[in-house]
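Here is input-v8.cif, consisting of mmCIF, C-alpha atoms:
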```
data_coords
loop_
_atom_site.label_atom_id
_atom_site.label_comp_id
_atom_site.auth_asym_id
_atom_site.auth_seq_id
_atom_site.Cartn_x
_atom_site.Cartn_y
_atom_site.Cartn_z
CA MET A 371 7.50 36.95 44.74
CA ASN A 372 9.91 34.32 45.88
CA LYS A 373 13.54 35.37 45.74
CA ALA A 374 14.70 32.06 44.24
CA ILE A 375 12.18 32.33 41.42
CA ASP A 376 13.26 35.88 40.77
CA ASP A 377 16.88 34.77 40.55
CA TYR A 378 15.89 31.99 38.23
CA LEU A 379 14.13 34.36 35.85
CA VAL A 380 17.13 36.67 35.74
CA LYS A 381 19.38 33.74 34.88
CA LEU A 382 16.94 32.47 32.28
CA ARG A 383 16.81 35.85 30.55
CA ALA A 384 20.59 36.01 30.61
CA ALA A 385 20.84 32.55 29.09
CA LEU A 386 18.45 33.56 26.35
CA ALA A 387 20.40 36.70 25.47
CA GLY A 388 20.41 37.16 21.71
CA ALA A 389 17.16 35.27 21.15
CA ASP A 390 14.02 36.90 19.81
CA ALA A 391 12.51 39.32 22.33
CA ALA A 392 9.16 37.52 22.14
CA THR A 393 10.83 34.21 22.88
CA ILE A 394 12.52 35.65 25.97
CA GLN A 395 9.21 37.07 27.14
CA ASP A 396 7.44 33.75 26.58
CA ALA A 397 10.14 31.79 28.37
CA ALA A 398 10.12 34.10 31.37
CA SER A 399 6.35 34.11 31.77
CA ASP A 400 6.14 30.34 31.31
CA ALA A 401 8.83 29.82 33.94
CA GLU A 402 7.28 32.26 36.36
CA GLU A 403 3.87 30.67 35.99
CA HIS A 404 5.17 27.17 36.41
CA LEU A 405 7.52 27.76 39.31
CA THR A 406 5.01 29.81 41.27
CA THR A 407 2.26 27.27 40.76
CA ALA A 408 4.55 24.38 41.64
CA LEU A 409 5.71 26.12 44.80
CA GLU A 410 2.15 26.86 45.87
CA GLN A 411 1.21 23.28 45.26
CA ALA A 412 4.20 21.94 47.19
CA ILE A 413 3.44 24.13 50.21
CA GLU A 414 -0.21 23.20 50.08
CA ASP A 415 0.71 19.49 50.06
CA ASP A 416 3.16 19.88 52.93
CA PRO A 417 2.60 23.07 54.95
CA GLY A 418 5.71 22.53 57.06
CA LEU A 419 7.95 22.61 54.00
CA ALA A 420 10.59 25.33 53.78
CA ALA A 421 10.13 27.31 50.59
CA GLU A 422 13.89 27.32 49.92
CA ALA A 423 14.16 23.54 49.97
CA ALA A 424 11.00 23.13 47.92
CA ILE A 425 12.02 25.54 45.19
CA GLU A 426 15.34 23.81 44.72
CA LYS A 427 13.59 20.57 43.93
CA ILE A 428 11.07 22.26 41.68
CA ILE A 429 13.81 23.96 39.68
CA GLU A 430 15.59 20.66 39.35
CA THR A 431 12.60 19.06 37.61
CA TYR A 432 11.87 22.19 35.62
CA GLY A 433 15.44 22.32 34.31
CA ARG A 434 18.38 24.62 34.81
CA PRO A 435 18.08 28.06 33.17
CA GLU A 436 20.62 27.02 30.51
CA GLU A 437 18.71 23.84 29.70
CA VAL A 438 15.37 25.60 29.43
CA ALA A 439 16.89 28.41 27.39
CA ALA A 440 18.34 25.83 25.01
CA ALA A 441 14.91 24.26 24.56
CA TYR A 442 13.37 27.61 23.60
CA LYS A 443 16.20 28.47 21.24
CA GLU A 444 15.93 25.10 19.58
CA MET A 445 12.18 25.49 19.16
CA GLU A 446 12.74 28.88 17.62
CA HIS A 447 14.94 27.26 15.00
CA MET A 448 12.77 24.27 14.39
CA THR A 449 9.31 25.74 14.25
CA PRO A 450 9.33 26.71 10.58
CA VAL A 451 10.51 23.28 9.49
CA ALA A 452 8.99 20.70 11.78
CA LEU A 453 5.73 22.41 12.55
CA ALA A 454 5.03 24.50 9.49
CA PRO A 455 1.35 25.43 9.23
CA LEU A 456 -0.65 22.57 7.90
CA ASP A 457 -2.57 22.58 4.68
CA PRO A 458 -6.17 23.57 5.22
CA GLN A 459 -8.29 20.46 5.16
CA ILE A 460 -9.89 20.13 1.79
CA VAL A 461 -13.45 19.06 2.26
CA LYS A 462 -14.69 17.30 -0.82
CA SER A 463 -18.31 17.14 -1.72
CA ARG A 464 -19.92 13.99 -3.02
CA GLU A 465 -20.14 15.37 -6.54
CA HIS A 466 -16.52 16.40 -6.39
CA ARG A 467 -15.50 12.93 -5.33
CA PHE A 468 -17.57 11.32 -8.08
CA PHE A 469 -16.40 13.54 -10.94
CA GLY A 470 -12.95 14.13 -9.47
CA VAL A 471 -11.92 10.77 -10.87
CA LEU A 472 -11.77 12.42 -14.30
CA GLY A 473 -9.00 14.72 -13.23
CA ASP A 474 -7.03 12.18 -11.23
CA ILE A 475 -3.85 11.08 -12.95
CA HIS A 476 -3.96 7.78 -11.03
CA THR A 477 -7.14 6.85 -12.86
CA TYR A 478 -5.51 6.96 -16.27
CA ALA A 479 -2.40 5.26 -14.98
CA ALA A 480 -4.56 2.45 -13.58
CA LEU A 481 -6.40 2.25 -16.88
CA LEU A 482 -3.06 1.93 -18.66
CA TYR A 483 -2.07 -0.83 -16.27
CA MET A 484 -5.34 -2.71 -16.91
CA LEU A 485 -4.63 -2.65 -20.64
CA LEU A 486 -0.97 -3.49 -20.22
CA SER A 487 -1.68 -6.40 -17.90
CA LEU A 488 -2.87 -8.59 -20.75
CA VAL A 489 0.53 -8.28 -22.45
CA THR A 490 2.59 -8.75 -19.30
CA GLY A 491 0.22 -11.53 -18.24
CA ILE A 492 0.90 -13.50 -21.40
CA VAL A 493 4.65 -13.02 -21.09
CA TYR A 494 4.80 -13.88 -17.36
CA PHE A 495 2.51 -16.86 -17.71
CA THR A 496 4.45 -18.33 -20.61
CA TRP A 497 7.74 -17.76 -18.86
CA ALA A 498 6.57 -19.28 -15.57
CA VAL A 499 4.89 -22.33 -17.07
CA THR A 500 7.77 -23.02 -19.46
CA GLY A 501 10.32 -22.54 -16.72
CA LEU A 502 8.48 -24.78 -14.28
CA SER A 503 7.88 -27.60 -16.73
CA LEU A 504 11.38 -27.50 -18.16
CA SER A 505 12.83 -27.42 -14.64
CA ALA A 506 10.79 -30.48 -13.73
CA GLY A 507 11.58 -32.25 -17.02
CA LEU A 508 15.29 -31.56 -16.93
CA MET A 509 15.63 -32.59 -13.30
CA VAL A 510 16.76 -36.08 -14.36
CA LEU A 511 19.65 -34.56 -16.32
CA ILE A 512 22.75 -32.92 -14.98
CA ILE A 513 21.61 -29.50 -16.20
CA GLY A 514 18.29 -29.72 -14.31
CA ILE A 515 19.45 -27.97 -11.16
CA PRO A 516 21.36 -25.14 -12.89
CA PHE A 517 18.41 -24.60 -15.20
CA MET A 518 16.03 -24.42 -12.31
CA ALA A 519 18.34 -22.05 -10.45
CA ALA A 520 18.43 -19.77 -13.48
CA PHE A 521 14.64 -19.92 -13.78
CA LEU A 522 14.05 -19.14 -10.10
CA LEU A 523 16.48 -16.26 -10.32
CA SER A 524 14.66 -14.95 -13.38
CA ALA A 525 11.36 -15.13 -11.47
CA ARG A 526 12.83 -12.90 -8.79
CA GLY A 527 14.11 -10.57 -11.49
CA ILE A 528 10.67 -10.37 -13.07
CA ALA A 529 9.14 -9.75 -9.65
CA LEU A 530 11.44 -6.76 -9.31
CA ILE A 531 10.58 -5.45 -12.79
CA GLU A 532 6.86 -5.91 -12.21
CA GLY A 533 7.33 -4.08 -8.91
CA ARG A 534 8.92 -1.18 -10.77
CA ILE A 535 6.03 -1.10 -13.25
CA ILE A 536 3.49 -1.15 -10.43
CA GLU A 537 5.21 1.61 -8.51
CA GLY A 538 5.53 3.68 -11.65
CA VAL A 539 1.98 3.19 -12.81
CA LEU A 540 -0.11 2.42 -9.74
CA GLY A 541 1.97 4.39 -7.26
CA VAL A 542 2.31 1.59 -4.69
CA ARG A 543 5.72 1.67 -3.09
CA MET A 544 7.71 -1.39 -4.20
CA PRO A 545 11.32 -2.51 -3.69
CA ARG A 546 13.91 -0.66 -5.74
CA ARG A 547 16.68 -3.16 -5.61
CA PRO A 548 16.87 -6.92 -5.60
CA VAL A 549 17.12 -8.92 -2.40
CA PHE A 550 20.69 -10.07 -2.07
CA PHE A 551 21.53 -13.38 -0.61
CA LYS A 552 24.67 -13.72 1.40
CA ARG A 553 27.72 -13.76 -0.77
CA ASP A 554 29.57 -16.59 0.95
CA LEU A 555 26.71 -19.03 0.49
CA GLY A 556 28.33 -20.49 -2.59
CA TRP A 557 26.53 -21.81 -5.61
CA TRP A 558 24.59 -24.56 -3.88
CA GLY A 559 23.80 -22.50 -0.80
CA GLY A 560 22.51 -19.73 -3.01
CA PHE A 561 20.24 -22.14 -4.84
CA LYS A 562 18.91 -23.55 -1.58
CA ALA A 563 18.22 -20.08 -0.24
CA LEU A 564 16.38 -19.16 -3.43
CA PHE A 565 14.49 -22.45 -3.51
CA GLY A 566 13.53 -22.24 0.16
CA ASP A 567 12.41 -18.63 -0.02
CA ARG A 568 8.67 -18.27 -0.03
CA THR A 569 8.80 -15.10 -2.07
CA THR A 570 10.32 -16.97 -5.04
CA TRP A 571 7.25 -19.19 -5.18
CA THR A 572 4.69 -16.47 -4.58
CA ALA A 573 6.37 -14.50 -7.39
CA ILE A 574 5.91 -17.48 -9.72
CA LEU A 575 2.32 -17.80 -8.55
CA TYR A 576 1.86 -14.11 -9.34
CA MET A 577 3.24 -14.63 -12.84
CA ILE A 578 0.82 -17.47 -13.49
CA LEU A 579 -2.19 -15.63 -12.07
CA GLN A 580 -1.31 -12.54 -14.08
CA LEU A 581 -2.69 -14.14 -17.27
CA PRO A 582 -6.27 -14.72 -16.08
CA LEU A 583 -6.22 -11.43 -14.21
CA GLY A 584 -4.83 -9.66 -17.26
CA ILE A 585 -7.57 -11.13 -19.45
CA ILE A 586 -10.25 -10.02 -17.00
CA TYR A 587 -8.79 -6.54 -16.52
CA PHE A 588 -8.32 -6.01 -20.24
CA THR A 589 -11.70 -7.34 -21.32
CA VAL A 590 -13.77 -5.59 -18.68
CA THR A 591 -12.00 -2.28 -19.14
CA THR A 592 -12.09 -2.20 -22.93
CA THR A 593 -15.70 -3.38 -23.06
CA LEU A 594 -16.91 -0.76 -20.62
CA ILE A 595 -14.98 2.02 -22.29
CA VAL A 596 -16.20 1.08 -25.74
CA VAL A 597 -19.79 0.89 -24.45
CA SER A 598 -19.47 4.32 -22.81
CA PHE A 599 -18.11 5.97 -25.92
CA GLY A 600 -20.68 4.14 -28.02
CA PHE A 601 -23.50 5.64 -25.95
CA ILE A 602 -21.95 9.09 -26.02
CA ALA A 603 -21.65 8.88 -29.82
CA VAL A 604 -25.28 7.88 -30.44
CA PRO A 605 -26.48 11.41 -31.45
CA ILE A 606 -23.62 11.81 -33.91
CA LEU A 607 -24.14 8.35 -35.35
CA THR A 608 -27.87 8.97 -35.73
CA TYR A 609 -27.90 12.47 -37.17
CA VAL A 610 -24.57 12.77 -38.93
CA PHE A 611 -24.02 9.27 -40.24
CA ASN A 612 -27.66 8.22 -40.32
CA PHE A 613 -26.64 5.08 -38.50
CA PRO A 614 -29.54 3.19 -36.88
CA ILE A 615 -29.64 1.85 -33.32
CA THR A 616 -30.57 -1.62 -34.54
CA GLN A 617 -31.32 -3.12 -37.86
CA THR A 618 -33.27 -6.15 -39.04
CA ASN A 619 -33.34 -7.41 -42.62
CA HIS A 620 -35.76 -4.80 -43.88
CA HIS A 621 -36.07 -2.23 -41.19
CA SER A 622 -33.78 0.23 -39.51
CA TYR A 623 -34.72 1.50 -36.07
CA TYR A 624 -33.73 4.94 -34.87
CA ALA A 625 -34.01 6.17 -31.33
CA PRO A 626 -36.37 9.13 -30.96
CA GLY A 627 -34.81 12.55 -30.57
CA TRP A 628 -35.72 13.04 -26.91
CA THR A 629 -33.69 9.98 -25.89
CA MET A 630 -30.44 11.47 -27.25
CA PRO A 631 -29.49 13.31 -24.02
CA LEU A 632 -30.24 10.12 -22.11
CA PHE A 633 -27.79 8.15 -24.24
CA VAL A 634 -25.09 10.74 -23.74
CA LEU A 635 -25.77 10.97 -20.02
CA GLY A 636 -25.75 7.18 -19.71
CA GLY A 637 -22.46 7.03 -21.60
CA VAL A 638 -20.81 9.64 -19.41
CA LEU A 639 -22.00 7.95 -16.23
CA THR A 640 -20.78 4.56 -17.43
CA LEU A 641 -17.44 6.10 -18.28
CA ILE A 642 -17.05 7.67 -14.86
CA VAL A 643 -18.07 4.48 -13.10
CA THR A 644 -15.55 2.61 -15.27
CA LEU A 645 -12.82 5.04 -14.29
CA HIS A 646 -13.68 4.58 -10.63
CA MET A 647 -13.55 0.84 -11.11
CA ALA A 648 -10.17 1.03 -12.86
CA ARG A 649 -8.72 3.19 -10.12
CA GLY A 650 -10.09 0.91 -7.40
CA LEU A 651 -8.87 -2.22 -9.15
CA GLY A 652 -5.47 -0.59 -9.57
CA ARG A 653 -5.24 -0.01 -5.84
CA LEU A 654 -6.35 -3.53 -5.04
CA HIS A 655 -3.93 -4.99 -7.53
CA GLY A 656 -1.10 -2.94 -6.09
CA ARG A 657 -1.77 -4.30 -2.63
CA TYR A 658 -2.11 -7.85 -3.89
CA ALA A 659 1.12 -7.55 -5.89
CA LYS A 660 2.95 -6.27 -2.85
CA LYS A 661 1.83 -9.31 -0.88
CA LEU A 662 3.05 -11.73 -3.50
CA LEU A 663 6.16 -10.03 -4.84
CA VAL A 664 7.77 -8.46 -1.80
CA LYS A 665 9.65 -10.33 0.84
CA GLY A 666 8.28 -9.87 4.32
CA GLU A 667 4.87 -8.70 3.13
CA HIS A 668 3.04 -12.02 3.39
CA MET B 790 17.43 8.34 39.71
CA ASN B 791 20.30 6.28 38.43
CA ALA B 792 23.30 7.91 36.84
CA VAL B 793 22.41 8.63 33.23
CA HIS B 794 25.19 8.34 30.70
CA ALA B 795 25.94 11.44 28.67
CA GLU B 796 25.17 9.62 25.43
CA ASP B 797 21.89 8.35 26.90
CA ARG B 798 20.89 11.89 27.73
CA LYS B 799 21.67 12.99 24.19
CA PHE B 800 19.70 10.09 22.74
CA LEU B 801 16.74 10.83 25.01
CA LYS B 802 16.83 14.49 24.08
CA GLU B 803 16.78 13.75 20.36
CA LEU B 804 14.01 11.24 20.80
CA ASN B 805 11.91 13.68 22.82
CA ALA B 806 12.41 16.42 20.27
CA GLY B 807 10.18 14.44 17.94
CA THR B 808 7.66 12.95 20.31
CA SER B 809 7.00 15.78 22.75
CA ALA B 810 4.66 17.58 20.35
CA LEU B 811 2.61 14.41 19.93
CA VAL B 812 2.55 13.76 23.69
CA LEU B 813 1.48 17.31 24.52
CA LEU B 814 -1.18 17.37 21.86
CA SER B 815 -2.57 14.12 23.21
CA VAL B 816 -2.54 15.29 26.84
CA VAL B 817 -4.32 18.53 25.98
CA ASP B 818 -6.80 16.59 23.85
CA ARG B 819 -7.61 14.22 26.71
CA ALA B 820 -8.18 17.02 29.20
CA SER B 821 -11.90 17.68 29.56
CA GLU B 822 -11.33 21.41 29.97
CA PRO B 823 -8.58 23.92 29.19
CA ILE B 824 -5.44 22.96 31.02
CA TYR B 825 -2.36 24.94 32.07
CA GLY B 826 1.31 24.07 31.88
CA TYR B 827 1.83 22.91 35.42
CA GLN B 828 -1.10 20.49 35.20
CA ILE B 829 0.24 19.14 31.91
CA ALA B 830 3.67 18.63 33.45
CA LYS B 831 2.10 16.80 36.41
CA LEU B 832 0.13 14.49 34.11
CA ILE B 833 3.21 13.70 32.07
CA ASP B 834 5.33 13.06 35.16
CA ALA B 835 2.67 10.71 36.47
CA GLY B 836 2.97 8.74 33.23
CA SER B 837 6.74 8.50 33.10
CA GLU B 838 7.26 6.86 36.52
CA ASP B 839 10.65 7.34 38.10
CA VAL B 840 12.76 8.54 35.18
CA PRO B 841 11.48 11.90 33.95
CA MET B 842 11.39 11.76 30.16
CA MET B 843 12.13 15.44 29.79
CA LYS B 844 12.61 18.54 31.87
CA GLN B 845 9.32 20.23 32.59
CA GLY B 846 10.76 23.48 31.33
CA ALA B 847 11.18 21.97 27.89
CA LEU B 848 7.42 21.36 27.58
CA TYR B 849 6.55 25.03 27.44
CA PRO B 850 8.38 25.94 24.24
CA VAL B 851 6.66 23.00 22.55
CA LEU B 852 3.28 24.25 23.76
CA ARG B 853 4.14 27.68 22.41
CA SER B 854 5.08 26.36 19.01
CA LEU B 855 1.97 24.17 18.83
CA GLU B 856 -0.04 27.28 19.49
CA LYS B 857 1.88 29.23 16.88
CA THR B 858 0.99 26.65 14.24
CA GLY B 859 -2.66 26.67 15.22
CA LEU B 860 -2.86 23.18 16.70
CA LEU B 861 -3.49 24.53 20.18
CA GLU B 862 -5.10 27.74 21.34
CA SER B 863 -4.69 29.44 24.65
CA THR B 864 -6.26 32.02 26.91
CA VAL B 865 -4.59 33.80 29.77
CA GLU B 866 -6.53 34.00 33.00
CA PRO B 867 -5.51 35.66 36.23
CA SER B 868 -4.86 33.33 39.12
CA VAL B 869 -5.72 34.08 42.75
CA THR B 870 -2.21 34.27 44.08
CA GLY B 871 0.53 34.14 41.50
CA PRO B 872 1.02 35.39 37.95
CA PRO B 873 -1.68 34.81 35.33
CA ARG B 874 -1.98 31.32 33.91
CA ARG B 875 -2.07 30.32 30.27
CA TYR B 876 -4.75 27.72 29.62
CA TYR B 877 -4.39 25.54 26.52
CA ARG B 878 -7.04 23.78 24.53
CA ILE B 879 -6.81 21.78 21.30
CA THR B 880 -8.19 23.08 18.00
CA GLU B 881 -9.93 21.14 15.23
CA GLU B 882 -6.72 21.24 13.24
CA GLY B 883 -4.90 19.99 16.28
CA ARG B 884 -7.23 17.00 16.56
CA ALA B 885 -6.70 16.15 12.91
CA ALA B 886 -2.93 16.46 13.34
CA LEU B 887 -3.07 14.31 16.47
CA GLU B 888 -4.85 11.57 14.58
CA ARG B 889 -2.30 11.62 11.77
CA TRP B 890 0.67 11.86 14.09
CA ALA B 891 -0.59 8.97 16.20
CA ALA B 892 -0.73 6.85 13.06
CA ILE B 893 2.77 7.93 12.04
CA TRP B 894 4.01 7.21 15.52
CA SER B 895 2.59 3.72 15.60
CA GLU B 896 4.06 2.93 12.20
CA ASN B 897 7.39 4.24 13.32
CA LYS B 898 7.22 2.30 16.56
CA ASN B 899 6.44 -0.94 14.77
CA PHE B 900 9.32 -0.35 12.41
CA VAL B 901 11.78 0.28 15.23
CA ASP B 902 10.47 -2.73 17.14
CA SER B 903 10.83 -4.98 14.15
CA VAL B 904 14.40 -3.82 13.60
CA LEU B 905 15.23 -4.34 17.25
CA LYS B 906 13.80 -7.83 17.19
CA GLY B 907 15.69 -8.51 14.00
CA THR B 908 12.70 -9.60 11.97
CA HIS B 909 12.95 -6.79 9.46
CA HIS B 910 15.85 -8.14 7.40
CA GLU B 911 17.68 -11.36 7.38
#
```
Mind turning the file's structure into structure tokens?
Amino acid sequence: MNKAIDDYLVKLRAALAGADAATIQDAASDAEEHLTTALEQAIEDDPGLAAEAAIEKIIETYGRPEEVAAAYKEMEHMTPVALAPLDPQIVKSREHRFFGVLGDIHTYAALLYMLLSLVTGIVYFTWAVTGLSLSAGLMVLIIGIPFMAAFLLSARGIALIEGRIIEGVLGVRMPRRPVFFKRDLGWWGGFKALFGDRTTWTAILYMILQLPLGIIYFTVTTTLIVVSFGFIAVPILTYVFNFPITQTNHHSYYAPGWTMPLFVLGGVLTLIVTLHMARGLGRLHGRYAKKLLVKGEH
Amino acid sequence: MNAVHAEDRKFLKELNAGTSALVLLSVVDRASEPIYGYQIAKLIDAGSEDVPMMKQGALYPVLRSLEKTGLLESTVEPSVTGPPRRYYRITEEGRAALERWAAIWSENKNFVDSVLKGTHHE
């Protein structure tokens, strides 16, 4: 073996003194392998090359023993943290994905949001429309501008609150603190900044659109859930309460016994599909809200 | 090579500490057959033009730790002349990690770029 490589390995071991024995062994065999291969390669490329000159250059690119030793020591420290073994990949079957929605907390959170959105929709819509029309109406008076400033500011405040609700319920990361405008802008500068900021207007647009969206979310969700539970309850209604499927003036119609499992099955399937829909809508809404409510997301 | 400032070297070292695992995983993944350290170092040097991004000796501990965590696997084979060589190849887990890390890297890169260009905040 080359004398220079031998020297290098001795120095490397010395520099690693105190490290784990396995680390020292690894470092030495890596270095030996690399330096020998590099030297071979260099001599093959240029047969006239003196081994001494070549090895100096090779060691320079490989790193001084102290440098290399430091890299191994660092890796020894870092391995548990930065490269901890990864979770085994969980492979989910189709059935698991379909029924898994029942056990997913996000589903129920999204469902809650769908129901809540009617309430917030009414509040936001009223606030936005009132604020806009009063701002426009009062513009001829001296208080028009201050009123509008207050309204625009409130829209940004509501955007922040809605963001907090969405992050809490739908799990989409939203801003945690308001956007501050520069302090030295002054009253008028602040108003202009607020007025000229696109996010102010998209936030107001969001508030207005929240009413129709809220109505749709609420109606669709409640209808589908009620229908699902209605189907599931058919056997109980029929046999316990003697409640017919349909009724005309003189006749009551009951579903035959063999259809009972079908009703229950249909109800359960509708429920699961509804939950999937709620979860999906929740995700979509989160993304849409982020676009409209967060600065720099347009 | 131009004189590198001490603080530049420190910055480069810290930067490499995070990216070297990703780079090595990607190089091993690209290789059509098991590849040994010297070849990996050559490939990386070819990519980094005149300024070497990191000392070749610093690649090996990263390879070792990638193997320890199951992202790479290796076999030792005797070579004709010198000491035996350790050949690395990527595992399934390693491929999955590479995919995720590449996504993280590109997110991170975009973020840093946007801060540098000053478009992130006014």
Give me, as a list in words, all polymer residues having an atom no more than 7 Å from stretch 819-827 of chain B, counting all atoms listed in the file and skipping those fewer than 3 positions away in the same chain.
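Near neighbours after the sequence-gap exclusion: His404, Thr407 and Ala408 of chain A; Ser815, Val816, Ala830, Lys831, Tyr849, Arg874, Arg875, Tyr876, Tyr877 and Arg878 of chain B.
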If we count only C-alpha atoms and set the cut-off at 12 Å, which residues sit around A:Tyr623, ignoring sequence neighbours fewer than 6 positions away in its own chain? Please answer as a list in words.
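In the requested form, the answer reads Thr608, Asn612, Phe613, Pro614, Ile615, Thr616 and Gln617 of chain A.
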Just need the box for stretch 569-572 of chain A, edges along x, y and z, holding every atom the file lists for it with 3 Å tacked onto each side, so centre and edge lengths in Å to one decimal, as AutoDock Vina command-line options.
```
--center_x 7.5 --center_y -17.1 --center_z -3.6 --size_x 11.6 --size_y 10.1 --size_z 9.1
```
Calculate how many Å separate atom CA of B:Pro850 from atom CA of A:Tyr442, rounding to one decimal.
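Distance reported for this atom pair: 5.3 Å.
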Give the residues of chain A that lie within 6 Å of chain B; count only C-alpha atoms, and format the answer as an MDAnalysis selection string.
chainID A and resid 403:404 431:433 438 441:442 455
Atom CA of A:Thr591 to atom CA of A:Tyr624, straight-line distance in Å
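So the two atoms, atom CA of A:Tyr624 and atom CA of A:Thr591, lie 27.8 Å apart.
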Which of these residues is nearest to A:Gly656, using only C-alpha atoms: A:Leu641, A:Met630, A:Val539, A:Ala384?
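Result for the nearest residue to A:Gly656: A:Val539.
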Exercise: residues within 8 Å of coordinate (-26.6, 13.3, -26.0), counting only C-alpha atoms, as a PyMOL selection string:
chain A and resi 602-605+629-635
Point out the residue among A:Thr589, A:Glu437, A:Leu564, A:Leu663 with the least atom-to-atom distance to A:Leu485, counting all atoms listed in the file.
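Looking at the shortest contact to A:Leu485, the residue is A:Thr589.
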For stretch 502-505 of chain A, list every protein, DNA or RNA residue within 8 Å, evaluated using only C-alpha atoms, and leave out those in the same chain fewer than 5 positions away; present the list as a list in words.
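Using only C-alpha atoms, the neighbours found are Gly514, Ile515, Phe517, Met518 and Phe521 of chain A.
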Which residues come within 9 Å of A:Lys665, counting all atoms listed in the file, excluding same-chain residues fewer than 4 positions away, as a ChimeraX atom specification?
/A:549,567-570,660-661
Which distance in Å separates atom CA of A:Ala520 and atom CA of A:Gly501, to one decimal?
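Distance reported for this atom pair: 9.2 Å.
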Selected residue, from A:Ile425, A:Leu581, A:Leu530, A:Val596, that lies nearest to A:Thr406 when counting only C-alpha atoms
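Looking only at the distances to A:Thr406, the closest residue turns out to be A:Ile425.
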Point out the residue among A:Pro516, A:Ala421, A:Ala480, A:Phe601 with the least atom-to-atom distance to A:Trp558, counting only C-alpha atoms.
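Under the stated criterion, the closest residue is A:Pro516.
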Resolved residues for the PyMOL selection byres ((chain A and resi 586) around 12) as a count of residues only:
23
Excluding B:Thr880 and residues on its chain fewer than 6 positions from it, collect all residues at most 10 Å away from it, counting all atoms listed in the file, and give them as a list of chain:residue names.
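The neighbour list is B:Leu814, B:Val817, B:Asp818, B:Glu856, B:Gly859, B:Leu860, B:Leu861, B:Glu862, B:Ser863, B:Ala886.
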